[in-house]
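Asks: Input query34.cif, format and content: mmCIF, C-alpha atoms.
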data_coords
loop_
_atom_site.label_atom_id
_atom_site.label_comp_id
_atom_site.auth_asym_id
_atom_site.auth_seq_id
_atom_site.Cartn_x
_atom_site.Cartn_y
_atom_site.Cartn_z
CA MET A 1 34.05 74.30 -85.92
CA HIS A 2 35.85 72.01 -83.57
CA HIS A 3 34.21 70.22 -80.62
CA PRO A 4 36.84 69.34 -77.98
CA LEU A 5 34.69 66.59 -76.45
CA THR A 6 34.39 64.59 -79.66
CA LEU A 7 37.56 62.53 -79.33
CA PRO A 8 37.10 61.51 -75.65
CA VAL A 9 33.49 60.56 -76.37
CA ILE A 10 34.51 58.43 -79.34
CA ALA A 11 37.29 56.81 -77.33
CA SER A 12 34.89 56.04 -74.49
CA ALA A 13 32.39 54.55 -76.94
CA CYS A 14 35.10 52.34 -78.41
CA LEU A 15 36.17 51.13 -74.99
CA LEU A 16 32.55 50.37 -74.08
CA SER A 17 32.05 48.60 -77.39
CA ASN A 18 35.12 46.46 -76.83
CA PHE A 19 33.96 45.57 -73.32
CA LEU A 20 30.50 44.58 -74.56
CA CYS A 21 31.91 42.50 -77.40
CA GLN A 22 34.19 40.44 -75.20
CA ASP A 23 33.21 36.84 -74.44
CA PRO A 24 31.58 36.46 -71.02
CA PRO A 25 33.88 35.01 -68.36
CA LYS A 26 33.83 31.23 -68.19
CA PRO A 27 32.33 29.69 -65.05
CA ALA A 28 34.73 28.10 -62.62
CA PRO A 29 35.04 24.33 -63.13
CA GLU A 30 33.15 22.15 -60.70
CA PRO A 31 35.34 20.49 -58.07
CA ALA A 32 36.30 16.94 -58.96
CA ALA A 33 34.27 14.28 -57.19
CA VAL A 34 36.08 12.48 -54.42
CA LYS A 35 37.11 9.02 -55.58
CA SER A 36 36.65 6.92 -52.48
CA VAL A 37 37.50 3.25 -52.12
CA VAL A 38 36.22 1.07 -49.29
CA THR A 39 38.01 -2.24 -48.89
CA GLY A 40 37.64 -5.03 -46.40
CA THR A 41 37.66 -8.73 -45.65
CA ILE A 42 34.89 -11.09 -44.62
CA ARG A 43 36.10 -14.02 -42.49
CA LEU A 44 34.28 -17.10 -41.31
CA ALA A 45 34.21 -17.58 -37.54
CA GLN A 46 36.83 -20.06 -36.34
CA ALA A 47 34.20 -22.36 -34.84
CA ASP A 48 32.56 -22.80 -38.25
CA ARG A 49 35.65 -23.60 -40.30
CA ALA A 50 35.30 -27.33 -39.76
CA ALA A 51 31.89 -27.40 -41.41
CA VAL A 52 33.15 -27.87 -44.98
CA LYS A 53 31.66 -30.81 -46.81
CA GLN A 54 31.86 -32.40 -50.23
CA LEU A 55 28.79 -32.72 -52.39
CA GLU A 56 27.51 -36.26 -52.85
CA ILE A 57 27.16 -36.68 -56.59
CA GLY A 58 26.72 -40.10 -58.17
CA ALA A 59 28.27 -41.03 -61.51
CA GLU A 60 24.89 -41.59 -63.14
CA ALA A 61 23.54 -38.23 -61.99
CA ALA A 62 26.65 -36.45 -63.30
CA LYS A 63 26.55 -38.16 -66.68
CA GLY A 64 27.35 -35.66 -69.41
CA CYS A 65 28.54 -33.02 -66.94
CA GLY A 66 32.24 -33.55 -67.50
CA GLU A 67 34.54 -33.07 -64.50
CA VAL A 68 32.29 -31.97 -61.65
CA ASP A 69 33.64 -29.80 -58.85
CA LYS A 70 32.32 -31.48 -55.70
CA ARG A 71 33.22 -28.68 -53.32
CA ASP A 72 30.14 -27.19 -51.71
CA PRO A 73 29.95 -23.64 -53.18
CA ASN A 74 27.83 -22.55 -50.23
CA LEU A 75 30.80 -22.64 -47.84
CA GLN A 76 34.17 -21.79 -49.34
CA PHE A 77 36.98 -20.10 -47.40
CA ASP A 78 40.76 -19.96 -47.53
CA GLU A 79 43.39 -20.92 -44.93
CA LYS A 80 42.87 -17.63 -43.08
CA GLY A 81 39.12 -18.00 -42.99
CA GLY A 82 38.49 -15.51 -45.82
CA LEU A 83 34.91 -16.25 -46.87
CA ALA A 84 33.87 -16.23 -50.53
CA HIS A 85 30.41 -15.25 -51.86
CA ALA A 86 29.40 -12.81 -49.11
CA VAL A 87 27.29 -9.88 -50.35
CA VAL A 88 28.21 -6.38 -49.14
CA VAL A 89 25.76 -3.51 -49.81
CA VAL A 90 25.66 0.18 -48.88
CA ASN A 91 22.22 1.79 -49.29
CA LEU A 92 22.19 5.55 -49.83
CA LYS A 93 18.79 7.26 -49.68
CA GLY A 94 17.78 9.69 -52.39
CA LEU A 95 20.09 8.39 -55.13
CA GLU A 96 18.75 7.05 -58.41
CA VAL A 97 19.51 3.35 -58.83
CA LYS A 98 21.21 2.74 -62.16
CA PRO A 99 20.52 -0.62 -63.84
CA LEU A 100 23.36 -2.41 -65.58
CA GLU A 101 23.76 -1.38 -69.22
CA LYS A 102 24.21 -4.99 -70.35
CA PRO A 103 22.73 -8.26 -69.05
CA PHE A 104 24.75 -9.94 -66.31
CA GLN A 105 25.50 -13.52 -67.38
CA VAL A 106 25.16 -16.57 -65.15
CA ASP A 107 26.51 -19.68 -66.85
CA GLN A 108 26.06 -23.39 -66.24
CA ARG A 109 29.35 -25.21 -66.71
CA SER A 110 30.20 -28.75 -65.60
CA CYS A 111 26.78 -28.82 -63.92
CA ARG A 112 27.55 -25.85 -61.71
CA PHE A 113 26.23 -22.28 -61.68
CA GLU A 114 28.93 -19.68 -62.24
CA PRO A 115 29.07 -17.37 -60.39
CA TYR A 116 27.49 -18.83 -57.28
CA VAL A 117 26.26 -15.41 -56.09
CA THR A 118 25.18 -12.63 -58.44
CA VAL A 119 24.34 -9.07 -57.34
CA VAL A 120 22.63 -6.55 -59.64
CA PRO A 121 20.81 -3.23 -59.13
CA THR A 122 17.04 -3.13 -59.57
CA GLY A 123 15.96 -2.82 -63.19
CA SER A 124 18.85 -4.97 -64.43
CA THR A 125 18.66 -8.05 -66.64
CA VAL A 126 20.29 -11.38 -65.86
CA GLU A 127 20.91 -13.86 -68.66
CA PHE A 128 21.19 -17.55 -67.77
CA LEU A 129 23.35 -19.58 -70.16
CA ASN A 130 23.85 -23.30 -70.67
CA SER A 131 27.39 -24.09 -71.82
CA ASP A 132 27.05 -27.78 -70.93
CA LYS A 133 26.23 -30.66 -73.26
CA VAL A 134 23.22 -31.67 -71.16
CA ASN A 135 19.87 -30.04 -70.47
CA HIS A 136 19.42 -27.84 -67.42
CA ASN A 137 16.47 -26.03 -65.98
CA VAL A 138 16.71 -22.69 -64.22
CA SER A 139 14.29 -22.81 -61.31
CA LEU A 140 14.24 -19.35 -59.76
CA SER A 141 12.12 -18.86 -56.64
CA ALA A 142 10.79 -15.31 -56.29
CA THR A 143 8.06 -13.48 -54.41
CA ARG A 144 8.56 -9.85 -55.51
CA ASN A 145 9.79 -10.62 -59.03
CA GLU A 146 8.51 -13.11 -61.57
CA ALA A 147 9.49 -16.70 -60.82
CA MET A 148 10.80 -18.81 -63.69
CA ASN A 149 11.54 -22.44 -64.47
CA PRO A 150 12.64 -22.77 -68.11
CA THR A 151 14.50 -25.75 -69.53
CA LEU A 152 17.70 -24.78 -71.30
CA THR A 153 19.04 -27.13 -73.92
CA PRO A 154 22.80 -27.02 -74.67
CA GLY A 155 23.90 -23.68 -76.08
CA THR A 156 20.69 -21.80 -75.26
CA SER A 157 19.95 -19.01 -72.81
CA LYS A 158 17.09 -17.25 -71.01
CA ALA A 159 17.04 -13.62 -69.86
CA ALA A 160 14.99 -12.13 -67.03
CA LYS A 161 14.61 -8.53 -65.87
CA PHE A 162 14.29 -7.91 -62.13
CA GLU A 163 12.46 -4.76 -61.04
CA LYS A 164 12.23 -5.37 -57.28
CA ALA A 165 14.87 -5.82 -54.60
CA GLU A 166 14.93 -9.48 -53.54
CA ARG A 167 17.24 -12.40 -52.74
CA MET A 168 16.36 -15.38 -54.93
CA GLN A 169 17.72 -18.90 -54.94
CA VAL A 170 18.31 -20.63 -58.26
CA THR A 171 18.37 -24.42 -58.60
CA CYS A 172 18.32 -27.09 -61.29
CA SER A 173 15.86 -29.93 -60.67
CA THR A 174 17.72 -32.12 -63.16
CA HIS A 175 20.95 -31.84 -61.18
CA THR A 176 19.85 -31.32 -57.60
CA TRP A 177 23.26 -30.24 -56.24
CA MET A 178 23.25 -27.16 -58.51
CA ARG A 179 22.41 -24.02 -56.54
CA SER A 180 23.09 -20.32 -56.80
CA TRP A 181 21.72 -16.95 -55.69
CA VAL A 182 20.62 -13.79 -57.46
CA VAL A 183 20.51 -10.73 -55.19
CA VAL A 184 18.70 -7.67 -56.56
CA THR A 185 19.42 -4.51 -54.58
CA ASP A 186 18.18 -0.91 -54.47
CA SER A 187 21.76 0.34 -54.47
CA ASN A 188 24.60 1.28 -56.79
CA PHE A 189 27.21 0.36 -54.17
CA TYR A 190 27.74 -3.35 -53.65
CA ALA A 191 30.29 -6.14 -53.88
CA VAL A 192 30.68 -9.91 -53.57
CA SER A 193 33.65 -11.15 -51.58
CA GLY A 194 36.31 -13.01 -53.51
CA PRO A 195 38.00 -16.37 -52.76
CA ASP A 196 40.06 -14.72 -49.99
CA GLY A 197 37.06 -12.91 -48.48
CA SER A 198 38.13 -9.50 -49.77
CA PHE A 199 35.74 -6.91 -51.20
CA ARG A 200 35.99 -3.43 -52.72
CA ILE A 201 33.36 -0.70 -53.16
CA GLU A 202 34.18 2.52 -55.02
CA GLY A 203 32.51 5.90 -55.34
CA LEU A 204 30.83 6.40 -51.97
CA PRO A 205 30.63 10.04 -50.82
CA PRO A 206 32.50 11.18 -47.70
CA GLY A 207 30.68 10.55 -44.44
CA GLU A 208 29.53 7.67 -42.28
CA HIS A 209 27.82 4.75 -44.01
CA LYS A 210 26.27 1.48 -42.94
CA LEU A 211 27.51 -1.72 -44.56
CA GLU A 212 25.09 -4.64 -44.73
CA VAL A 213 26.57 -8.09 -45.20
CA TRP A 214 24.48 -11.05 -46.29
CA TYR A 215 25.57 -14.65 -46.61
CA PRO A 216 23.20 -17.57 -47.41
CA GLU A 217 23.92 -19.55 -44.25
CA ALA A 218 24.38 -16.68 -41.81
CA LYS A 219 22.40 -13.94 -40.12
CA LYS A 220 22.62 -10.46 -41.62
CA LEU A 221 25.60 -8.49 -40.34
CA GLU A 222 25.95 -4.71 -40.15
CA ALA A 223 28.96 -2.47 -39.69
CA THR A 224 29.84 1.21 -40.06
CA VAL A 225 32.49 2.71 -42.32
CA LYS A 226 33.73 6.31 -42.17
CA ILE A 227 35.07 8.01 -45.29
CA ASP A 228 37.04 11.24 -44.81
CA ALA A 229 36.97 14.29 -47.08
CA GLU A 230 39.83 12.84 -49.14
CA GLY A 231 37.92 9.63 -49.82
CA ARG A 232 39.97 7.52 -47.42
CA ALA A 233 38.55 4.83 -45.14
CA ALA A 234 40.12 2.31 -42.81
CA PRO A 235 39.90 -1.30 -44.06
CA VAL A 236 36.85 -3.12 -42.75
CA GLU A 237 37.32 -6.47 -40.99
CA LEU A 238 34.15 -8.51 -40.46
CA GLU A 239 33.51 -11.95 -39.03
CA VAL A 240 30.54 -14.08 -40.01
CA ALA A 241 29.11 -16.90 -37.92
CA LEU A 242 26.81 -19.45 -39.47
CA ALA A 243 23.15 -19.28 -38.48
CA GLY A 244 22.48 -21.03 -35.20
CA LYS A 245 26.11 -20.68 -34.12
CA GLY A 246 25.99 -17.14 -32.74
CA ARG A 247 25.85 -13.74 -34.33
CA GLY A 248 28.37 -12.31 -36.76
CA ARG A 249 30.32 -9.30 -35.58
CA GLY A 250 32.30 -6.54 -37.19
CA LYS A 251 34.93 -4.03 -36.21
#
Would you mind giving the structure from this file in structure tokens?

Replies:
Amino acid sequence: MHHPLTLPVIASACLLSNFLCQDPPKPAPEPAAVKSVVTGTIRLAQADRAAVKQLEIGAEAAKGCGEVDKRDPNLQFDEKGGLAHAVVVVNLKGLEVKPLEKPFQVDQRSCRFEPYVTVVPTGSTVEFLNSDKVNHNVSLSATRNEAMNPTLTPGTSKAAKFEKAERMQVTCSTHTWMRSWVVVTDSNFYAVSGPDGSFRIEGLPPGEHKLEVWYPEAKKLEATVKIDAEGRAAPVELEVALAGKGRGRGK
């Protein structure tokens, strides 16, 4: 006896089986993050450009240091006033601060700290090296982190982890002209201006953000940067005046 509905039912079952056995549709890929770049220049106010001085270092004090650079690292700028060693930070609320994966190294060469200004996110480790042939001590003044004052013999190092945001000066009591700064920040977005005063910060989301500029001898300076949906922002031009000589200004 023949059943005329048998073949359509079987065909329908096969179609349903094939549909159920197919791989589920793949989710749409997430949109690529906008790759923004904020660039700018920090310049020293014209009235302060005559303030450059040489460090006074006697031959006996510099014994064993090799050729000592007597330029004051605390005030270095180029012919256009581009200011080196200025710290630029953008703080974004609600983002997890990511410590550096490896220790940031600060060396002592020719009786000079290199680099002069170091910036790291909270939770990062800084390793102080001594590449000189003379002893140094790393005297780090801190109030929120642990202060330190170890003596480093030639070829040795000392590491320190910094958990709190703070600006800390580092000196060497053996060679009193040696100074530097370690800036610990609650941010993933920061930069230190180069020899020509330029800086570059990548990865900020679109929107309006506040830049904070800090320089050892100047008052804190703030400016606003706007990043469009394509990650573009107009270059930032900022002018810093030394403390006591007026306020810095930005545009």

Asks: Would you kindly translate the PyMOL selection byres ((chain A and resi 197-208) around 10) into the concrete residues it picks from this file, as an mmCIF file with C-alpha atoms, in the frame of the given file?

Replies:
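What landed in selection-v1.cif:
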data_model
loop_
_atom_site.group_PDB
_atom_site.id
_atom_site.type_symbol
_atom_site.label_atom_id
_atom_site.label_comp_id
_atom_site.auth_asym_id
_atom_site.auth_seq_id
_atom_site.Cartn_x
_atom_site.Cartn_y
_atom_site.Cartn_z
ATOM 1 C CA ALA A 33 34.270 14.280 -57.190
ATOM 2 C CA VAL A 34 36.080 12.480 -54.420
ATOM 3 C CA LYS A 35 37.110 9.020 -55.580
ATOM 4 C CA SER A 36 36.650 6.920 -52.480
ATOM 5 C CA VAL A 37 37.500 3.250 -52.120
ATOM 6 C CA VAL A 38 36.220 1.070 -49.290
ATOM 7 C CA THR A 39 38.010 -2.240 -48.890
ATOM 8 C CA GLY A 40 37.640 -5.030 -46.400
ATOM 9 C CA THR A 41 37.660 -8.730 -45.650
ATOM 10 C CA ILE A 42 34.890 -11.090 -44.620
ATOM 11 C CA ARG A 43 36.100 -14.020 -42.490
ATOM 12 C CA LEU A 44 34.280 -17.100 -41.310
ATOM 13 C CA GLN A 76 34.170 -21.790 -49.340
ATOM 14 C CA PHE A 77 36.980 -20.100 -47.400
ATOM 15 C CA ASP A 78 40.760 -19.960 -47.530
ATOM 16 C CA LYS A 80 42.870 -17.630 -43.080
ATOM 17 C CA GLY A 81 39.120 -18.000 -42.990
ATOM 18 C CA GLY A 82 38.490 -15.510 -45.820
ATOM 19 C CA LEU A 83 34.910 -16.250 -46.870
ATOM 20 C CA ALA A 84 33.870 -16.230 -50.530
ATOM 21 C CA HIS A 85 30.410 -15.250 -51.860
ATOM 22 C CA ALA A 86 29.400 -12.810 -49.110
ATOM 23 C CA VAL A 87 27.290 -9.880 -50.350
ATOM 24 C CA VAL A 88 28.210 -6.380 -49.140
ATOM 25 C CA VAL A 89 25.760 -3.510 -49.810
ATOM 26 C CA VAL A 90 25.660 0.180 -48.880
ATOM 27 C CA LEU A 92 22.190 5.550 -49.830
ATOM 28 C CA ASN A 188 24.600 1.280 -56.790
ATOM 29 C CA PHE A 189 27.210 0.360 -54.170
ATOM 30 C CA TYR A 190 27.740 -3.350 -53.650
ATOM 31 C CA ALA A 191 30.290 -6.140 -53.880
ATOM 32 C CA VAL A 192 30.680 -9.910 -53.570
ATOM 33 C CA SER A 193 33.650 -11.150 -51.580
ATOM 34 C CA GLY A 194 36.310 -13.010 -53.510
ATOM 35 C CA PRO A 195 38.000 -16.370 -52.760
ATOM 36 C CA ASP A 196 40.060 -14.720 -49.990
ATOM 37 C CA HIS A 209 27.820 4.750 -44.010
ATOM 38 C CA LYS A 210 26.270 1.480 -42.940
ATOM 39 C CA LEU A 211 27.510 -1.720 -44.560
ATOM 40 C CA THR A 224 29.840 1.210 -40.060
ATOM 41 C CA VAL A 225 32.490 2.710 -42.320
ATOM 42 C CA LYS A 226 33.730 6.310 -42.170
ATOM 43 C CA ILE A 227 35.070 8.010 -45.290
ATOM 44 C CA ASP A 228 37.040 11.240 -44.810
ATOM 45 C CA ALA A 229 36.970 14.290 -47.080
ATOM 46 C CA GLU A 230 39.830 12.840 -49.140
ATOM 47 C CA GLY A 231 37.920 9.630 -49.820
ATOM 48 C CA ARG A 232 39.970 7.520 -47.420
ATOM 49 C CA ALA A 233 38.550 4.830 -45.140
ATOM 50 C CA PRO A 235 39.900 -1.300 -44.060
ATOM 51 C CA VAL A 236 36.850 -3.120 -42.750
ATOM 52 C CA GLU A 237 37.320 -6.470 -40.990
ATOM 53 C CA LEU A 238 34.150 -8.510 -40.460
#

Asks: So how many Å separate CA of Lys53 (chain A) and CA of His136 (chain A), to one decimal?

Replies: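 CA of His136 (chain A) lies at a distance of 24.2 Å from CA of Lys53 (chain A).
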
Asks: With all atoms listed in the file as the atoms that count, which of A:Asp186, A:Leu75, A:Gln108, A:Asp69 lies nearest to Val240 (chain A)?

Replies: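 Of all the options, A:Leu75 lies closest to Val240 (chain A).
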
Asks: As a check of understanding, name the residues that the PyMOL selection byres ((chain A and resi 165) around 8) selects in the supplied structure, as a PyMOL selection string.

Replies: chain A and resi 121-122+144+162-164+166-167+183-186

Asks: Which one of A:Lys93, A:Arg179, A:Lys158, A:Lys70 sits closest to Leu55 (chain A) if you count all atoms listed in the file?

Replies: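 Of all the options, A:Lys70 lies closest to Leu55 (chain A).
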
Asks: Counting all atoms listed in the file, write as a list in words all protein and nucleic acid residues lying at most 8 Å from (15.6, -18.6, -59.4) in the file's frame.

Replies: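 Here is the list of nearby residues: Val138, Ser139, Leu140, Ser141, Ala142, Ala147, Met148, Asn149, Met168, Gln169, Val170, Thr171, Trp181 and Val182 of chain A.
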
Asks: Please, what distance in Å, to one decimal, runs between CA of Val68 (chain A) and CA of Phe104 (chain A)?

Replies: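 Interatomic distance here is 23.7 Å.
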
Asks: Go through A:Ala218, A:Ala160, A:Leu152, A:Met178 one by one, measure the shortest atom-to-atom distance of each to Val126 (chain A) using only C-alpha atoms, and give the residue with the smallest value.

Replies: A:Ala160

Asks: Quick one: everything within 10 Å of Glu56 (chain A), counting only C-alpha atoms, minus sequence neighbours fewer than 6 positions away in the same chain. Send it as an MDAnalysis selection string.

Replies: chainID A and resid 70:72 177

Asks: State, in Å with one decimal place, the distance from CA of Ser110 (chain A) to CA of Ser131 (chain A).

Replies: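 Going from CA of Ser110 (chain A) over to CA of Ser131 (chain A) covers 8.3 Å.
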